[in-house]
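In what follows, a structure is listed as structure tokens, so that the remarks can point back to it.
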Amino acid sequence: MFPTRHRLLYFFSNRYIIHTAFALVIAFTIWTNWNGREVRAESFGKESLLYSLIAQADTSVVEVVTAGKATQPIRPVTYANDASVSSLRHSAGVVEDATSLVTIVGGSAVSTPPIRKNAASVKARSAVETYGIEPGDTLSSIGESFGLKVSTLLWANKLTFRSVIRPGQRIVIPPVDGVIYQIKKGDTVSGIAKTYGADAQKIAAYNQLGEKDMLAVGAQIIIPDGEPPAPPPTRTPAPVSQVFAKATPKGISTGTGTWKWPTDWRVITQYFKGWRHTGIDIDGDYSTQSYAAADGEVKFAGWKGGYGLCIEIDHGNGIVTRYGHHSKNFVAKGDLVTVGQAIAQTGTTGRSTGTHLHFEVIKNGAYLNPLDYVR
């Protein structure tokens, strides 16, 4: 018999023992792979000792989400639900209001076209109607539903850019774009057409008026494509000293003297920023006007690109003032104007996002801060 230590040595040095150990390792590996055949890619390795040591505090949860019925209906949301709406009371221009709706879907905002409930194709109408304001209505959406411009609704209801419409309020809906007019004593179709910038034949045809028909005082007619007339410009009387002073030759002005704030309101919405913004923007609406900041001669009056309806006044000594975005100009090129004289009606023509006056002071071609001249 072999001593005990020799038996152990014999056991571990026996070649069959080594073969058996290899066989066991192979069997264990096959068994492990067989049991792990259902392991998914996202959970591979998570059962290992190394993973458990590194991610001890990891308590990730796999959540299965299934689609079902919405617990709350998705509603279109618009920032303009209770916004101010404005009137083009004396202007031919139409201001494009922001009418896009923003629908909240799964936490993200998706811009969609404005779609009203029960929207249908616009039918031709021949009579004035009334409409009750509903939650979420804007004049833009109402106008779209009835096939009308915003300006038509504003004129018909005597609203301004700062008027607010509220649910339950009733407004007048004209049958077509234009103006609703009440006949006054002495009115004629041709006179009405001239005043409102419309076609006399269209007025007669739409209202079924014959050539010899008398206009009944108090009757209401529709002026298709008409626009309310602009108010007469406010004239500032010249002081007596100026009346008897020696006249300044046409085309020459001193560029000195008192300067006047160029409009009715004093709310500055954007300041002078050099080449980034070459003037100041002063808030206003269609009831406000632009005034000559100083005496001078009108060197330009008309449409000027992004300035829209624009006026430029030469004050002499190389100084020119520019007034932009008007809805109507009251003066023409070559007119001599005095400080404070009304020269135009505030508007939003050209590159503009709302009714205001864009005012610039230019000296020898360089843009200057207007607040150095007017306060």
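Each chain in the structure tokens gets a letter, A, B, ..., in the order shown, and its residues are numbered from 1; ligands are numbered from 1 in order too.
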
Which of range 132-294 of chain A DSSP labels strand (DSSP E or B), written as a ChimeraX atom specification: /A:132,163-164,170-173,178-182,220-224,263,268-270,280-283,289-291

All residues 10 Å or closer to Pro175 in chain A, only C-alpha atoms, same chain fewer than 4 positions away omitted, as a PyMOL selection string: chain A and resi 123-129+146-148+152+179-180+222+224

Next, the residues of the selection above should be written as a tab-separated table (two decimals), in the first residue's frame with all heavy atoms.
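New file result_30.tsv:
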chain	number	residue	atom	x	y	z
A	123	LYS	N	-70.32	79.57	-48.34
A	123	LYS	CA	-71.45	79.73	-49.25
A	123	LYS	C	-71.67	81.20	-49.53
A	123	LYS	O	-71.42	82.06	-48.69
A	123	LYS	CB	-72.71	79.12	-48.64
A	123	LYS	CG	-72.62	77.61	-48.39
A	123	LYS	CD	-73.91	77.10	-47.77
A	123	LYS	CE	-73.83	75.60	-47.51
A	123	LYS	NZ	-75.06	75.07	-46.88
A	124	ALA	N	-72.16	81.48	-50.72
A	124	ALA	CA	-72.48	82.86	-51.07
A	124	ALA	C	-73.64	83.35	-50.22
A	124	ALA	O	-74.63	82.63	-50.01
A	124	ALA	CB	-72.83	82.95	-52.56
A	125	ARG	N	-73.50	84.58	-49.70
A	125	ARG	CA	-74.55	85.16	-48.86
A	125	ARG	C	-74.92	86.52	-49.42
A	125	ARG	O	-74.11	87.20	-50.05
A	125	ARG	CB	-74.06	85.30	-47.41
A	125	ARG	CG	-73.79	83.96	-46.74
A	125	ARG	CD	-73.13	84.13	-45.37
A	125	ARG	NE	-71.79	84.68	-45.49
A	125	ARG	CZ	-71.44	85.89	-45.13
A	125	ARG	NH1	-72.35	86.70	-44.61
A	125	ARG	NH2	-70.20	86.31	-45.28
A	126	SER	N	-76.15	86.93	-49.17
A	126	SER	CA	-76.62	88.21	-49.71
A	126	SER	C	-77.11	89.16	-48.63
A	126	SER	O	-77.45	90.30	-48.91
A	126	SER	CB	-77.75	87.98	-50.72
A	126	SER	OG	-78.83	87.29	-50.09
A	127	ALA	N	-77.15	88.70	-47.39
A	127	ALA	CA	-77.68	89.53	-46.30
A	127	ALA	C	-76.68	89.60	-45.16
A	127	ALA	O	-75.82	88.73	-44.99
A	127	ALA	CB	-79.01	88.96	-45.80
A	128	VAL	N	-76.81	90.66	-44.36
A	128	VAL	CA	-75.98	90.83	-43.18
A	128	VAL	C	-76.43	89.85	-42.11
A	128	VAL	O	-77.63	89.67	-41.88
A	128	VAL	CB	-76.07	92.28	-42.66
A	128	VAL	CG1	-75.28	92.44	-41.36
A	128	VAL	CG2	-75.57	93.26	-43.72
A	129	GLU	N	-75.47	89.19	-41.46
A	129	GLU	CA	-75.78	88.24	-40.40
A	129	GLU	C	-75.10	88.67	-39.10
A	129	GLU	O	-74.29	89.59	-39.08
A	129	GLU	CB	-75.29	86.83	-40.78
A	129	GLU	CG	-75.83	86.30	-42.09
A	129	GLU	CD	-75.23	84.94	-42.43
A	129	GLU	OE1	-74.58	84.34	-41.54
A	129	GLU	OE2	-75.39	84.50	-43.58
A	146	PHE	N	-66.14	82.75	-42.95
A	146	PHE	CA	-67.16	83.43	-43.75
A	146	PHE	C	-66.60	83.98	-45.06
A	146	PHE	O	-67.32	84.64	-45.81
A	146	PHE	CB	-67.79	84.57	-42.95
A	146	PHE	CG	-68.71	84.09	-41.85
A	146	PHE	CD1	-68.23	83.91	-40.56
A	146	PHE	CD2	-70.04	83.81	-42.10
A	146	PHE	CE1	-69.06	83.47	-39.54
A	146	PHE	CE2	-70.89	83.37	-41.10
A	146	PHE	CZ	-70.39	83.19	-39.81
A	147	GLY	N	-65.33	83.72	-45.34
A	147	GLY	CA	-64.74	84.19	-46.59
A	147	GLY	C	-64.56	85.69	-46.65
A	147	GLY	O	-64.70	86.28	-47.73
A	148	LEU	N	-64.25	86.32	-45.49
A	148	LEU	CA	-64.11	87.77	-45.43
A	148	LEU	C	-62.72	88.16	-44.93
A	148	LEU	O	-62.07	87.40	-44.23
A	148	LEU	CB	-65.17	88.37	-44.50
A	148	LEU	CG	-66.64	88.15	-44.86
A	148	LEU	CD1	-67.54	88.66	-43.76
A	148	LEU	CD2	-66.97	88.82	-46.20
A	152	THR	N	-62.79	93.89	-43.08
A	152	THR	CA	-64.24	94.01	-43.29
A	152	THR	C	-64.99	93.81	-41.98
A	152	THR	O	-65.92	94.56	-41.65
A	152	THR	CB	-64.71	92.96	-44.32
A	152	THR	OG1	-64.09	93.24	-45.58
A	152	THR	CG2	-66.21	92.99	-44.49
A	179	VAL	N	-67.97	97.67	-47.13
A	179	VAL	CA	-68.47	98.49	-46.03
A	179	VAL	C	-70.00	98.45	-46.00
A	179	VAL	O	-70.64	98.47	-47.06
A	179	VAL	CB	-67.99	99.95	-46.19
A	179	VAL	CG1	-68.54	100.85	-45.10
A	179	VAL	CG2	-66.47	100.01	-46.20
A	180	ILE	N	-70.55	98.36	-44.79
A	180	ILE	CA	-72.00	98.51	-44.61
A	180	ILE	C	-72.27	100.00	-44.40
A	180	ILE	O	-71.67	100.63	-43.53
A	180	ILE	CB	-72.48	97.70	-43.39
A	180	ILE	CG1	-72.16	96.22	-43.57
A	180	ILE	CG2	-73.98	97.90	-43.19
A	180	ILE	CD1	-72.47	95.38	-42.35
A	222	ILE	N	-74.82	97.78	-49.07
A	222	ILE	CA	-73.47	97.22	-49.03
A	222	ILE	C	-72.63	97.90	-50.11
A	222	ILE	O	-73.07	98.03	-51.25
A	222	ILE	CB	-73.48	95.70	-49.26
A	222	ILE	CG1	-74.36	95.01	-48.21
A	222	ILE	CG2	-72.07	95.13	-49.22
A	222	ILE	CD1	-73.88	95.17	-46.78
A	224	PRO	N	-69.57	97.04	-52.03
A	224	PRO	CA	-68.57	95.98	-52.29
A	224	PRO	C	-67.18	96.57	-52.51
A	224	PRO	O	-67.00	97.53	-53.28
A	224	PRO	CB	-69.11	95.31	-53.56
A	224	PRO	CG	-70.57	95.67	-53.62
A	224	PRO	CD	-70.65	97.03	-53.02

Contacts of Arg351 in chain A at 10 Å (only C-alpha atoms; same-chain gap of 6+ positions) as a list in words: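 My list of contacting residues is Gly305, Gly306, Tyr307, Gly308, Gly324 and His325 of chain A.
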
Produce a file of the selected residues containing N, CA, C and O atoms, as a PDB file, in the first residue's frame.
ATOM      1  N   GLY A 305     -40.134 100.232 -50.903  1.00  0.00           N
ATOM      2  CA  GLY A 305     -39.708  98.903 -50.454  1.00  0.00           C
ATOM      3  C   GLY A 305     -40.244  98.515 -49.091  1.00  0.00           C
ATOM      4  O   GLY A 305     -41.444  98.587 -48.823  1.00  0.00           O
ATOM      5  N   GLY A 306     -39.321  98.135 -48.192  1.00  0.00           N
ATOM      6  CA  GLY A 306     -39.734  97.686 -46.859  1.00  0.00           C
ATOM      7  C   GLY A 306     -40.332  98.770 -45.997  1.00  0.00           C
ATOM      8  O   GLY A 306     -40.988  98.474 -44.984  1.00  0.00           O
ATOM      9  N   TYR A 307     -40.131 100.056 -46.387  1.00  0.00           N
ATOM     10  CA  TYR A 307     -40.728 101.143 -45.623  1.00  0.00           C
ATOM     11  C   TYR A 307     -42.222 101.281 -45.908  1.00  0.00           C
ATOM     12  O   TYR A 307     -42.922 102.006 -45.208  1.00  0.00           O
ATOM     13  N   GLY A 308     -42.714 100.604 -46.966  1.00  0.00           N
ATOM     14  CA  GLY A 308     -44.109 100.756 -47.347  1.00  0.00           C
ATOM     15  C   GLY A 308     -44.360 102.169 -47.850  1.00  0.00           C
ATOM     16  O   GLY A 308     -43.525 102.783 -48.524  1.00  0.00           O
ATOM     17  N   GLY A 324     -41.987 105.978 -42.100  1.00  0.00           N
ATOM     18  CA  GLY A 324     -42.389 104.786 -42.840  1.00  0.00           C
ATOM     19  C   GLY A 324     -43.599 104.057 -42.299  1.00  0.00           C
ATOM     20  O   GLY A 324     -44.048 104.292 -41.174  1.00  0.00           O
ATOM     21  N   HIS A 325     -44.129 103.132 -43.142  1.00  0.00           N
ATOM     22  CA  HIS A 325     -45.219 102.189 -42.834  1.00  0.00           C
ATOM     23  C   HIS A 325     -46.600 102.855 -42.769  1.00  0.00           C
ATOM     24  O   HIS A 325     -47.506 102.327 -42.126  1.00  0.00           O
TER      25      HIS A 325
END

Contacts of Thr269 in chain A at 9 Å (only C-alpha atoms; same-chain gap of 4+ positions) as a PyMOL selection string: chain A and resi 280-283+356

Option closest in space to Leu357 in chain A, from A:Thr288, A:Ser145, A:Thr32, A:Thr338 [counting only C-alpha atoms]: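 Result for the nearest residue to Leu357 in chain A: A:Thr288.
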
For Val320 in chain A, work out the shell of residues within 8 Å, counting only C-alpha atoms and skipping chain neighbours fewer than 6 positions away, then give it as a CSV table (one decimal) with N, CA and C atoms, in the first residue's frame.
chain,number,residue,atom,x,y,z
A,312,GLU,N,-40.2,111.4,-47.1
A,312,GLU,CA,-38.9,112.0,-46.7
A,312,GLU,C,-39.0,113.5,-46.8
A,313,ILE,N,-38.5,114.2,-45.8
A,313,ILE,CA,-38.6,115.6,-45.7
A,313,ILE,C,-37.1,116.1,-45.6
A,314,ASP,N,-36.8,117.1,-46.5
A,314,ASP,CA,-35.5,117.7,-46.5
A,314,ASP,C,-35.6,119.0,-45.6
A,361,VAL,N,-33.6,109.8,-38.8
A,361,VAL,CA,-33.0,111.1,-39.0
A,361,VAL,C,-31.6,110.8,-39.8
A,362,ILE,N,-31.5,111.4,-40.9
A,362,ILE,CA,-30.3,111.1,-41.8
A,362,ILE,C,-29.6,112.5,-42.1
A,363,LYS,N,-28.3,112.5,-41.8
A,363,LYS,CA,-27.5,113.7,-42.1
A,363,LYS,C,-26.3,113.4,-43.0
